[in-house]
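Asks: Next comes input.cif, mmCIF, C-alpha atoms and all ligand atoms:
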data_data
loop_
_atom_site.label_atom_id
_atom_site.label_comp_id
_atom_site.auth_asym_id
_atom_site.auth_seq_id
_atom_site.Cartn_x
_atom_site.Cartn_y
_atom_site.Cartn_z
CA MET A 24 -23.12 -104.85 -13.97
CA LYS A 25 -20.07 -102.77 -13.14
CA ILE A 26 -17.44 -102.67 -15.85
CA LYS A 27 -14.07 -100.99 -15.59
CA SER A 28 -14.38 -97.43 -16.82
CA ILE A 29 -11.69 -95.33 -18.46
CA LYS A 30 -12.90 -92.50 -16.19
CA ASP A 31 -11.45 -94.24 -13.14
CA ARG A 32 -7.97 -94.76 -14.53
CA ASN A 33 -4.80 -92.87 -15.11
CA TYR A 34 -3.46 -92.67 -18.65
CA LYS A 35 -0.73 -90.06 -18.17
CA GLU A 36 2.20 -90.95 -20.44
CA LYS A 37 0.70 -94.36 -21.14
CA LYS A 38 0.63 -96.12 -24.47
CA VAL A 39 -2.96 -97.23 -24.77
CA PHE A 40 -4.02 -100.05 -27.10
CA LEU A 41 -7.51 -99.00 -28.16
CA ARG A 42 -9.59 -101.68 -29.91
CA VAL A 43 -12.38 -100.11 -31.98
CA ASP A 44 -14.80 -101.27 -34.66
CA TYR A 45 -13.79 -99.31 -37.76
CA ASN A 46 -15.41 -101.90 -40.02
CA VAL A 47 -16.79 -99.13 -42.26
CA PRO A 48 -18.25 -99.57 -45.76
CA ILE A 49 -15.64 -98.70 -48.41
CA GLU A 50 -16.37 -98.43 -52.12
CA ASN A 51 -13.46 -97.99 -54.53
CA GLY A 52 -11.23 -96.84 -51.69
CA VAL A 53 -13.76 -94.24 -50.47
CA ILE A 54 -15.51 -94.52 -47.09
CA THR A 55 -19.25 -94.20 -47.73
CA ASP A 56 -20.37 -93.99 -44.08
CA ASP A 57 -18.03 -92.95 -41.26
CA THR A 58 -20.47 -93.33 -38.34
CA ARG A 59 -18.33 -96.07 -36.81
CA ILE A 60 -15.38 -93.66 -36.73
CA THR A 61 -17.20 -90.58 -35.47
CA THR A 62 -18.89 -92.47 -32.61
CA THR A 63 -15.49 -93.36 -31.12
CA ILE A 64 -14.23 -89.76 -31.04
CA PRO A 65 -15.35 -89.07 -27.43
CA THR A 66 -13.28 -92.05 -26.20
CA LEU A 67 -10.27 -90.99 -28.29
CA ASN A 68 -10.46 -87.38 -27.15
CA TYR A 69 -10.84 -88.36 -23.52
CA LEU A 70 -7.79 -90.66 -23.59
CA LEU A 71 -5.73 -88.01 -25.39
CA SER A 72 -6.83 -85.36 -22.88
CA GLN A 73 -5.53 -87.62 -20.11
CA GLY A 74 -2.04 -87.68 -21.61
CA ALA A 75 -2.16 -91.01 -23.44
CA SER A 76 -0.70 -91.92 -26.79
CA LEU A 77 -2.99 -94.16 -28.83
CA ILE A 78 -2.33 -97.38 -30.65
CA ILE A 79 -5.65 -97.98 -32.42
CA ALA A 80 -6.59 -101.39 -33.82
CA SER A 81 -9.60 -102.69 -35.74
CA HIS A 82 -10.77 -105.30 -38.18
CA LEU A 83 -12.27 -104.48 -41.58
CA GLY A 84 -14.24 -106.85 -43.79
CA ARG A 85 -13.50 -110.54 -44.08
CA PRO A 86 -9.95 -110.96 -45.41
CA GLU A 87 -9.88 -114.45 -43.81
CA GLY A 88 -6.39 -114.30 -42.37
CA LYS A 89 -4.65 -112.99 -45.49
CA VAL A 90 -3.44 -109.58 -46.63
CA VAL A 91 -6.14 -108.30 -48.99
CA SER A 92 -5.44 -104.74 -50.09
CA LYS A 93 -9.10 -103.70 -50.43
CA TYR A 94 -9.47 -104.39 -46.70
CA SER A 95 -6.60 -102.12 -45.72
CA LEU A 96 -7.38 -99.59 -42.97
CA LYS A 97 -5.32 -96.91 -44.74
CA PRO A 98 -8.40 -94.91 -45.90
CA VAL A 99 -9.63 -95.02 -42.29
CA ALA A 100 -6.38 -93.46 -41.05
CA GLU A 101 -6.89 -90.62 -43.52
CA ARG A 102 -10.52 -90.06 -42.54
CA LEU A 103 -9.72 -90.19 -38.83
CA SER A 104 -7.00 -87.63 -39.38
CA GLN A 105 -9.47 -85.31 -41.17
CA ILE A 106 -12.06 -85.70 -38.41
CA LEU A 107 -9.58 -84.99 -35.60
CA ASN A 108 -7.67 -82.42 -37.63
CA LYS A 109 -4.53 -84.08 -36.40
CA GLU A 110 -1.89 -86.44 -37.77
CA VAL A 111 -2.72 -90.15 -37.62
CA LYS A 112 0.26 -92.39 -38.34
CA PHE A 113 -0.45 -95.64 -40.11
CA ALA A 114 1.41 -98.91 -39.47
CA PRO A 115 1.78 -101.44 -42.32
CA ASP A 116 0.88 -104.33 -39.99
CA CYS A 117 -0.44 -104.85 -36.45
CA ILE A 118 2.50 -106.87 -35.10
CA GLY A 119 6.21 -107.24 -35.95
CA ASP A 120 9.43 -105.23 -35.73
CA GLU A 121 8.35 -102.25 -37.80
CA VAL A 122 5.22 -101.82 -35.67
CA LYS A 123 7.28 -102.07 -32.47
CA LYS A 124 9.58 -99.36 -33.76
CA MET A 125 6.69 -97.07 -34.64
CA VAL A 126 5.11 -97.66 -31.24
CA SER A 127 8.31 -96.96 -29.32
CA SER A 128 8.73 -93.58 -31.02
CA LEU A 129 5.10 -92.63 -30.32
CA LYS A 130 4.89 -89.56 -28.07
CA GLU A 131 2.20 -88.32 -25.69
CA GLY A 132 -0.87 -87.20 -27.66
CA GLU A 133 0.14 -89.01 -30.83
CA ILE A 134 -1.98 -91.58 -32.68
CA LEU A 135 -0.95 -94.69 -34.57
CA LEU A 136 -3.53 -96.78 -36.44
CA LEU A 137 -2.50 -100.40 -36.98
CA GLU A 138 -3.29 -102.35 -40.14
CA ASN A 139 -6.28 -104.75 -40.19
CA LEU A 140 -6.08 -107.29 -37.36
CA ARG A 141 -7.80 -109.91 -39.48
CA PHE A 142 -4.90 -110.02 -41.95
CA HIS A 143 -3.64 -112.56 -39.39
CA PRO A 144 -5.67 -115.77 -38.98
CA GLU A 145 -4.65 -115.80 -35.29
CA GLU A 146 -6.96 -112.84 -34.57
CA GLU A 147 -10.21 -114.72 -35.13
CA LYS A 148 -8.79 -117.86 -33.51
CA GLY A 149 -8.17 -115.95 -30.29
CA ASP A 150 -4.54 -117.11 -30.46
CA GLU A 151 -2.55 -116.53 -27.24
CA ASN A 152 0.83 -115.77 -28.84
CA PHE A 153 -0.73 -113.24 -31.19
CA ALA A 154 -2.62 -111.64 -28.29
CA LYS A 155 0.65 -111.47 -26.31
CA GLU A 156 2.37 -109.67 -29.17
CA LEU A 157 -0.43 -107.11 -29.28
CA ALA A 158 -0.32 -106.74 -25.51
CA LEU A 159 3.43 -106.12 -25.54
CA LEU A 160 2.88 -102.96 -27.57
CA CYS A 161 1.03 -101.15 -24.76
CA ASP A 162 0.83 -100.11 -21.10
CA ALA A 163 -2.97 -100.18 -20.95
CA TYR A 164 -5.83 -101.68 -22.95
CA VAL A 165 -9.19 -100.13 -23.79
CA ASN A 166 -11.97 -101.93 -25.66
CA ASP A 167 -14.60 -99.84 -27.41
CA ALA A 168 -15.62 -102.36 -30.08
CA PHE A 169 -19.01 -103.50 -28.76
CA GLY A 170 -19.96 -105.13 -32.09
CA THR A 171 -17.18 -107.71 -31.69
CA CYS A 172 -17.70 -108.45 -27.98
CA HIS A 173 -19.55 -111.70 -28.60
CA ARG A 174 -16.48 -113.18 -30.28
CA LYS A 175 -13.52 -114.53 -28.35
CA HIS A 176 -11.05 -112.99 -30.75
CA ALA A 177 -7.46 -112.21 -29.77
CA SER A 178 -7.71 -108.40 -29.67
CA VAL A 179 -10.98 -108.26 -27.72
CA TYR A 180 -10.81 -111.30 -25.46
CA THR A 181 -7.45 -113.08 -25.19
CA ILE A 182 -5.43 -109.86 -24.93
CA THR A 183 -6.96 -109.03 -21.55
CA LYS A 184 -5.02 -111.95 -20.03
CA PHE A 185 -1.75 -110.26 -20.94
CA VAL A 186 -2.32 -106.60 -20.09
CA ASN A 187 -2.55 -105.55 -16.48
CA ASP A 188 -4.81 -102.59 -17.06
CA SER A 189 -7.94 -103.02 -19.15
CA ALA A 190 -11.17 -101.01 -19.34
CA ALA A 191 -14.21 -100.31 -21.51
CA GLY A 192 -14.56 -97.17 -23.63
CA PHE A 193 -17.62 -94.91 -23.66
CA LEU A 194 -19.39 -96.76 -26.49
CA ILE A 195 -19.36 -100.07 -24.64
CA GLU A 196 -20.34 -98.36 -21.42
CA LYS A 197 -23.38 -96.74 -23.07
CA GLU A 198 -24.47 -99.89 -24.87
CA VAL A 199 -24.24 -102.03 -21.73
CA GLN A 200 -26.17 -99.41 -19.76
CA ALA A 201 -28.99 -99.21 -22.31
CA LEU A 202 -29.33 -102.96 -22.81
CA SER A 203 -29.16 -103.62 -19.06
CA ARG A 204 -32.07 -101.24 -18.59
CA LEU A 205 -34.15 -103.64 -20.70
CA LEU A 206 -33.09 -106.64 -18.67
CA ILE A 207 -32.99 -105.35 -15.11
CA ASN A 208 -36.24 -103.96 -13.70
CA PRO A 209 -37.60 -102.53 -16.97
CA GLU A 210 -40.42 -100.05 -16.50
CA ARG A 211 -43.74 -101.67 -17.42
CA PRO A 212 -45.57 -102.28 -19.60
CA PHE A 213 -42.64 -103.60 -21.62
CA LEU A 214 -43.39 -104.04 -25.33
CA LEU A 215 -41.34 -106.31 -27.56
CA ILE A 216 -41.67 -105.68 -31.30
CA LEU A 217 -40.48 -108.59 -33.39
CA GLY A 218 -40.21 -108.49 -37.14
CA GLY A 219 -37.68 -109.20 -39.84
CA ALA A 220 -36.48 -112.45 -41.20
CA LYS A 221 -33.87 -114.26 -39.15
CA VAL A 222 -36.25 -115.96 -36.74
CA ILE A 223 -34.00 -118.84 -35.70
CA ASP A 224 -31.10 -116.49 -34.90
CA LYS A 225 -33.29 -114.46 -32.57
CA ILE A 226 -35.32 -117.13 -30.86
CA ASN A 227 -33.05 -117.44 -27.81
CA MET A 228 -33.19 -113.70 -27.30
CA VAL A 229 -36.99 -113.87 -27.38
CA LYS A 230 -36.96 -116.72 -24.86
CA ASN A 231 -34.88 -114.67 -22.45
CA LEU A 232 -37.26 -111.72 -22.75
CA LEU A 233 -40.44 -113.74 -22.07
CA ASP A 234 -40.05 -113.28 -18.32
CA LYS A 235 -39.62 -109.53 -18.67
CA VAL A 236 -42.09 -108.34 -21.30
CA ASP A 237 -45.86 -107.75 -21.08
CA THR A 238 -46.74 -107.45 -24.74
CA ILE A 239 -45.34 -108.87 -27.98
CA ILE A 240 -46.29 -107.67 -31.45
CA THR A 241 -45.05 -109.35 -34.61
CA GLY A 242 -44.55 -108.54 -38.28
CA GLY A 243 -42.53 -109.69 -41.28
CA VAL A 244 -41.37 -113.28 -41.68
CA THR A 245 -41.50 -113.63 -37.90
CA ALA A 246 -45.27 -113.04 -37.89
CA TYR A 247 -45.82 -115.60 -40.66
CA THR A 248 -43.70 -118.13 -38.81
CA PHE A 249 -45.92 -117.67 -35.72
CA CYS A 250 -49.08 -117.81 -37.87
CA LYS A 251 -47.88 -121.06 -39.39
CA ALA A 252 -47.20 -122.40 -35.89
CA LYS A 253 -50.88 -121.68 -35.15
CA ASN A 254 -51.85 -123.52 -38.37
CA TRP A 255 -53.26 -120.37 -39.95
CA GLU A 256 -53.52 -119.91 -43.69
CA ILE A 257 -50.58 -117.75 -44.84
CA GLY A 258 -50.62 -118.40 -48.59
CA ASP A 259 -47.15 -118.15 -50.10
CA SER A 260 -45.82 -115.76 -47.48
CA LYS A 261 -42.23 -116.34 -46.50
CA VAL A 262 -41.76 -118.38 -43.32
CA GLU A 263 -38.78 -119.91 -41.64
CA ASP A 264 -39.85 -123.53 -41.55
CA GLU A 265 -37.13 -124.70 -39.19
CA ALA A 266 -38.31 -122.11 -36.66
CA VAL A 267 -41.94 -123.29 -36.60
CA PRO A 268 -41.45 -125.88 -33.81
CA VAL A 269 -39.76 -123.29 -31.55
CA ALA A 270 -42.46 -120.77 -32.43
CA LYS A 271 -45.01 -123.31 -31.16
CA GLU A 272 -43.02 -123.67 -27.94
CA ILE A 273 -42.89 -119.90 -27.53
CA ILE A 274 -46.64 -119.57 -28.04
CA LYS A 275 -47.13 -122.09 -25.20
CA GLU A 276 -44.82 -120.09 -22.93
CA ILE A 277 -46.63 -116.88 -23.84
CA ASN A 278 -49.99 -118.44 -22.94
CA LYS A 279 -48.60 -119.80 -19.66
CA ARG A 280 -47.53 -116.29 -18.68
CA HIS A 281 -50.75 -114.65 -19.95
CA LEU A 282 -48.79 -112.21 -22.10
CA GLU A 283 -50.51 -110.04 -24.68
CA PHE A 284 -49.47 -111.42 -28.07
CA HIS A 285 -50.36 -110.08 -31.52
CA THR A 286 -49.94 -111.21 -35.08
CA PRO A 287 -51.13 -108.68 -37.71
CA LEU A 288 -54.91 -108.15 -38.00
CA ASP A 289 -54.51 -107.53 -41.72
CA HIS A 290 -51.82 -107.66 -44.38
CA VAL A 291 -50.62 -105.99 -47.54
CA ILE A 292 -50.46 -108.84 -50.06
CA VAL A 293 -49.10 -109.36 -53.57
CA GLN A 294 -48.90 -112.23 -56.05
CA LYS A 295 -45.31 -111.47 -56.95
CA ILE A 296 -42.66 -109.54 -55.03
CA SER A 297 -41.51 -106.59 -57.13
CA GLU A 298 -41.47 -102.78 -57.16
CA ASP A 299 -44.43 -102.55 -59.54
CA ALA A 300 -46.50 -105.48 -58.24
CA PRO A 301 -50.15 -104.50 -57.67
CA TYR A 302 -51.16 -105.04 -54.03
CA ILE A 303 -54.34 -105.38 -52.00
CA ILE A 304 -55.18 -105.41 -48.28
CA THR A 305 -56.51 -108.67 -46.79
CA GLU A 306 -58.71 -107.18 -44.02
CA ARG A 307 -58.07 -110.28 -41.94
CA GLY A 308 -55.25 -112.09 -40.18
CA THR A 309 -54.76 -114.76 -42.80
CA VAL A 310 -53.28 -114.65 -46.31
CA PRO A 311 -55.15 -116.43 -49.13
CA HIS A 312 -53.67 -119.14 -51.30
CA GLY A 313 -51.42 -117.80 -54.06
CA TRP A 314 -50.70 -114.50 -52.23
CA ILE A 315 -47.67 -113.24 -50.31
CA GLY A 316 -47.74 -110.98 -47.26
CA VAL A 317 -45.29 -108.11 -47.68
CA ASP A 318 -46.32 -105.60 -45.00
CA ILE A 319 -48.76 -105.25 -42.10
CA GLY A 320 -52.11 -103.66 -43.00
CA PRO A 321 -53.80 -100.47 -41.68
CA GLN A 322 -55.73 -102.22 -38.87
CA ALA A 323 -52.54 -103.85 -37.64
CA ILE A 324 -50.75 -100.49 -37.76
CA GLU A 325 -53.49 -98.95 -35.63
CA GLU A 326 -53.44 -101.76 -33.10
CA TYR A 327 -49.65 -101.77 -32.88
CA ILE A 328 -49.49 -98.00 -32.41
CA ASP A 329 -51.92 -98.43 -29.51
CA CYS A 330 -49.52 -100.98 -27.95
CA ILE A 331 -46.65 -98.51 -28.45
CA ASN A 332 -48.63 -95.71 -26.81
CA ARG A 333 -49.32 -97.85 -23.74
CA ALA A 334 -45.70 -99.01 -23.29
CA LYS A 335 -43.10 -97.59 -20.89
CA THR A 336 -40.27 -99.70 -22.28
CA ILE A 337 -39.91 -100.79 -25.92
CA PHE A 338 -37.43 -103.06 -27.62
CA TRP A 339 -37.73 -103.30 -31.38
CA ASN A 340 -35.98 -105.71 -33.69
CA GLY A 341 -36.88 -106.38 -37.31
CA PRO A 342 -39.01 -104.56 -39.93
CA MET A 343 -42.74 -105.23 -40.36
CA GLY A 344 -42.42 -105.85 -44.09
CA ILE A 345 -40.18 -105.76 -47.13
CA TYR A 346 -39.21 -102.18 -46.32
CA GLU A 347 -36.59 -102.08 -49.10
CA ILE A 348 -39.56 -101.55 -51.47
CA GLU A 349 -40.99 -98.17 -50.56
CA LYS A 350 -44.69 -99.01 -50.82
CA PHE A 351 -44.18 -101.96 -48.47
CA ALA A 352 -42.29 -99.86 -45.91
CA LYS A 353 -45.38 -98.11 -44.54
CA GLY A 354 -46.03 -100.41 -41.54
CA THR A 355 -42.41 -100.21 -40.46
CA ILE A 356 -42.13 -96.43 -40.94
CA GLU A 357 -45.42 -95.76 -39.10
CA LEU A 358 -44.23 -97.79 -36.09
CA ALA A 359 -40.87 -95.99 -36.15
CA LYS A 360 -42.67 -92.65 -36.04
CA ALA A 361 -44.95 -93.78 -33.21
CA ILE A 362 -41.98 -94.96 -31.16
CA ALA A 363 -40.26 -91.64 -31.79
CA LYS A 364 -43.32 -89.80 -30.43
CA SER A 365 -43.75 -92.00 -27.37
CA ASN A 366 -42.27 -91.22 -23.97
CA ALA A 367 -41.20 -94.81 -23.43
CA PHE A 368 -37.59 -95.85 -23.02
CA SER A 369 -37.00 -97.24 -26.51
CA VAL A 370 -34.17 -99.37 -27.83
CA ILE A 371 -33.74 -100.51 -31.41
CA GLY A 372 -31.37 -103.28 -32.46
CA GLY A 373 -30.53 -105.17 -35.66
CA GLY A 374 -28.84 -104.00 -38.85
CA ASP A 375 -31.99 -103.46 -40.92
CA SER A 376 -33.97 -102.04 -38.01
CA VAL A 377 -31.35 -99.37 -37.41
CA ALA A 378 -31.31 -98.56 -41.13
CA ILE A 379 -35.08 -98.01 -41.00
CA VAL A 380 -35.11 -95.50 -38.15
CA ASN A 381 -32.43 -93.61 -40.00
CA LYS A 382 -34.53 -93.72 -43.18
CA ALA A 383 -37.61 -92.56 -41.26
CA GLY A 384 -35.53 -89.63 -39.97
CA VAL A 385 -36.41 -90.33 -36.33
CA ALA A 386 -33.12 -91.78 -35.05
CA ASP A 387 -32.54 -88.88 -32.65
CA LYS A 388 -35.92 -89.47 -30.96
CA ILE A 389 -35.16 -93.08 -30.06
CA SER A 390 -33.68 -93.50 -26.57
CA TYR A 391 -30.96 -95.84 -27.73
CA ILE A 392 -29.89 -97.27 -31.07
CA CYS A 393 -27.76 -100.39 -30.73
CA THR A 394 -24.38 -100.24 -32.40
CA GLY A 395 -23.62 -103.91 -32.03
CA GLY A 396 -25.84 -105.84 -34.49
CA GLY A 397 -25.47 -109.51 -33.50
CA ALA A 398 -23.57 -108.60 -30.33
CA SER A 399 -26.47 -106.48 -29.03
CA LEU A 400 -28.97 -109.28 -29.59
CA GLU A 401 -26.66 -111.77 -27.90
CA PHE A 402 -26.28 -109.45 -24.92
CA ILE A 403 -30.07 -109.38 -24.57
CA GLU A 404 -30.12 -113.16 -24.79
CA LYS A 405 -27.39 -113.79 -22.22
CA GLY A 406 -27.26 -110.63 -20.13
CA THR A 407 -23.56 -110.35 -20.89
CA LEU A 408 -20.91 -111.18 -23.50
CA PRO A 409 -17.53 -112.94 -23.22
CA CYS A 410 -15.52 -109.77 -23.86
CA ILE A 411 -17.64 -107.75 -21.43
CA GLU A 412 -17.10 -110.35 -18.69
CA VAL A 413 -13.34 -109.80 -18.90
CA LEU A 414 -13.83 -106.05 -18.39
CA LYS A 415 -15.85 -106.39 -15.20
CA GLU A 416 -14.67 -104.69 -11.99
P1 LIG A 501 -32.53 -106.93 -38.54
O1 LIG A 501 -31.34 -106.77 -39.47
O2 LIG A 501 -33.08 -105.62 -38.10
O3 LIG A 501 -32.23 -107.86 -37.40
P2 LIG A 501 -33.65 -109.00 -40.22
O4 LIG A 501 -32.35 -109.10 -40.93
O5 LIG A 501 -34.07 -110.12 -39.35
O6 LIG A 501 -33.71 -107.62 -39.40
O7 LIG A 501 -34.83 -108.81 -41.28
C1 LIG A 501 -34.78 -107.85 -42.30
C2 LIG A 501 -35.29 -108.42 -43.59
O8 LIG A 501 -36.59 -108.98 -43.44
C3 LIG A 501 -35.44 -107.36 -44.66
O9 LIG A 501 -34.55 -107.63 -45.71
C4 LIG A 501 -36.89 -107.47 -45.11
O10 LIG A 501 -37.07 -107.32 -46.51
C5 LIG A 501 -37.24 -108.86 -44.67
N1 LIG A 501 -38.71 -109.01 -44.53
C6 LIG A 501 -39.53 -108.36 -43.70
N2 LIG A 501 -40.81 -108.72 -43.88
C7 LIG A 501 -40.80 -109.66 -44.86
C8 LIG A 501 -41.82 -110.41 -45.53
N3 LIG A 501 -43.10 -110.30 -45.19
N4 LIG A 501 -41.43 -111.28 -46.50
C9 LIG A 501 -40.12 -111.39 -46.85
N5 LIG A 501 -39.12 -110.70 -46.26
C10 LIG A 501 -39.45 -109.84 -45.29
MG MG A 502 -30.61 -107.92 -41.11
#
Output the file's structure in the form of structure tokens.
Ligand code: ADP
Ligand code: MG
Replies:
Amino acid sequence: MKIKSIKDRNYKEKKVFLRVDYNVPIENGVITDDTRITTTIPTLNYLLSQGASLIIASHLGRPEGKVVSKYSLKPVAERLSQILNKEVKFAPDCIGDEVKKMVSSLKEGEILLLENLRFHPEEEKGDENFAKELALLCDAYVNDAFGTCHRKHASVYTITKFVNDSAAGFLIEKEVQALSRLLINPERPFLLILGGAKVIDKINMVKNLLDKVDTIITGGVTAYTFCKAKNWEIGDSKVEDEAVPVAKEIIKEINKRHLEFHTPLDHVIVQKISEDAPYIITERGTVPHGWIGVDIGPQAIEEYIDCINRAKTIFWNGPMGIYEIEKFAKGTIELAKAIAKSNAFSVIGGGDSVAIVNKAGVADKISYICTGGGASLEFIEKGTLPCIEVLKE
């Protein structure tokens, strides 16, 4: 897939509308993690170096179309200014006369951050008039908000109809490159690691990968859902009942293709989920009545690490257990470490999965960590996203 790159365009003296994802966690007005800001800096610096002035726009939280002061982007303007060591002007809205005035006085190399797009209900509705108003502010449009690219919102989708120059920033470019490498001629064997809880949400992604992968290993609620589909005893382990019929279908497809498929050989089990719950290891693939599976056991870890060591391409989504409780995080952490050691091309996606590799301290040894959450998984499912389609050459 060839998408329009900012590298191929001219931004001299242009007012560039840059859509980013600055949806950062804020507690009592203080930004607790600024990763989403720092990762956009290469795109910002490049555009500035080319002689652009920047009109930056983002959403933050879920204000649901109303002005909610705790979702103001003001603290983001301040942090961005600190990071760049440069003034960042802040507009009290994202459209309207005052914004127009601020934009028209913006000079080459200057930066203006607009207030939260989602203070207007039109943003999430993909409204054309709202998109037009945003488009009128600028000479060129750049999208670097991969995490929102599965939504047809005004500032990521509709706006491209009204600007004559649009392109993708470096973050989108990198994400599309990494995810495409999973989908187009992946190096084999290709290992899919499936864990976590939201089975139904991910089932279409799994279906799309069946024709590409060689091996699938499972953990977490996903594993129990597959075990239940095979009519195995799983005790009181958590399953997603509505996903059991599709899990059955997937098992059929897996058998048809002669793929290697694993559920855990053994489990860490408890009678009650809590920090201080005593646990035992099952030593087999089933979970007895009255017990709950909370992590994969040592045999499963060994078998899964062997799969990791054989793979040339790995995609991992979802933890192997209730990793939020430290003693049930072992399976997940051990796999993270094994992936970090392997020479395979490895991609990790999903909010919790990304949190785990950070916790395991191995993030820099993973080939690519998805920034998009739901958008990344949807890209793997469909091979593209609505807002990426509109940025194609
Ligand atoms: P991601 O955000 O990476 O896509 P999910 O949101 O699907 O992952 O799953 C993460 C959640 O799954 C975690 O909160 C974790 O506690 C839960 N989980 C994993 N294994 C189990 C289990 N055996 N029983 C209950 N919850 C589990
Ligand atoms: Mg999650």
Asks: Give as an NGL selection string the residues surrounding ligand MG 502 (chain A) up to a distance of 7 Å, considering all atoms listed in the file.
Replies: :A and (373-375)
Asks: Dump as JSON lines the rows for residues of chain A within 6 Å of ligand LIG 501 (chain A): closest atom pair and distance in Å with one decimal, all atoms listed in the file counted, ordered by chain and rising residue number.
Replies:
{"residue": "A:Gly219", "atom": "CA", "partner": "A:LIG501", "partner_atom": "O7", "distance": 3.2}
{"residue": "A:Ala220", "atom": "CA", "partner": "A:LIG501", "partner_atom": "O5", "distance": 3.8}
{"residue": "A:Lys221", "atom": "CA", "partner": "A:LIG501", "partner_atom": "O5", "distance": 4.1}
{"residue": "A:Gly243", "atom": "CA", "partner": "A:LIG501", "partner_atom": "N2", "distance": 3.3}
{"residue": "A:Val244", "atom": "CA", "partner": "A:LIG501", "partner_atom": "C8", "distance": 4.8}
{"residue": "A:Lys261", "atom": "CA", "partner": "A:LIG501", "partner_atom": "N4", "distance": 5.1}
{"residue": "A:Gly316", "atom": "CA", "partner": "A:LIG501", "partner_atom": "N3", "distance": 5.1}
{"residue": "A:Val317", "atom": "CA", "partner": "A:LIG501", "partner_atom": "N3", "distance": 4.0}
{"residue": "A:Asp318", "atom": "CA", "partner": "A:LIG501", "partner_atom": "N3", "distance": 5.7}
{"residue": "A:Asn340", "atom": "CA", "partner": "A:LIG501", "partner_atom": "O2", "distance": 5.3}
{"residue": "A:Gly341", "atom": "CA", "partner": "A:LIG501", "partner_atom": "O2", "distance": 4.0}
{"residue": "A:Pro342", "atom": "CA", "partner": "A:LIG501", "partner_atom": "C6", "distance": 5.4}
{"residue": "A:Met343", "atom": "CA", "partner": "A:LIG501", "partner_atom": "N2", "distance": 5.3}
{"residue": "A:Gly344", "atom": "CA", "partner": "A:LIG501", "partner_atom": "N2", "distance": 3.3}
{"residue": "A:Ile345", "atom": "CA", "partner": "A:LIG501", "partner_atom": "O10", "distance": 3.5}
{"residue": "A:Tyr346", "atom": "CA", "partner": "A:LIG501", "partner_atom": "O10", "distance": 5.6}
{"residue": "A:Glu347", "atom": "CA", "partner": "A:LIG501", "partner_atom": "O10", "distance": 5.9}
{"residue": "A:Gly373", "atom": "CA", "partner": "A:LIG501", "partner_atom": "O2", "distance": 3.6}
{"residue": "A:Gly374", "atom": "CA", "partner": "A:LIG501", "partner_atom": "O1", "distance": 3.8}
{"residue": "A:Asp375", "atom": "CA", "partner": "A:LIG501", "partner_atom": "O1", "distance": 3.7}
{"residue": "A:Ser376", "atom": "CA", "partner": "A:LIG501", "partner_atom": "O2", "distance": 3.7}
Asks: What lies within 10 Å of A:Gly372 using only C-alpha atoms, ignoring chain neighbours under 4 positions off, as a PyMOL selection string?
Replies: chain A and resi 202+338-341+376-378+391-400
Asks: Applying 9 Å and all atoms listed in the file, which residues near A:Glu156 remain after dropping the ones on its own chain fewer than 3 positions away? List them as a PDB file with C-alpha atoms, in the frame of the given file.
Replies:
ATOM      1  CA  ILE A 118       2.500-106.870 -35.100  1.00  0.00           C
ATOM      2  CA  GLY A 119       6.210-107.240 -35.950  1.00  0.00           C
ATOM      3  CA  GLU A 151      -2.550-116.530 -27.240  1.00  0.00           C
ATOM      4  CA  ASN A 152       0.830-115.770 -28.840  1.00  0.00           C
ATOM      5  CA  PHE A 153      -0.730-113.240 -31.190  1.00  0.00           C
ATOM      6  CA  LEU A 159       3.430-106.120 -25.540  1.00  0.00           C
ATOM      7  CA  LEU A 160       2.880-102.960 -27.570  1.00  0.00           C
ATOM      8  CA  ILE A 182      -5.430-109.860 -24.930  1.00  0.00           C
TER       9      ILE A 182
END
Asks: Find the residue from A:Asn51, A:Asn278, A:Ser127, A:Asn46 that sits nearest to A:Asn139; use all atoms listed in the file when measuring.
Replies: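 Selected residue with least distance to A:Asn139: A:Asn46.
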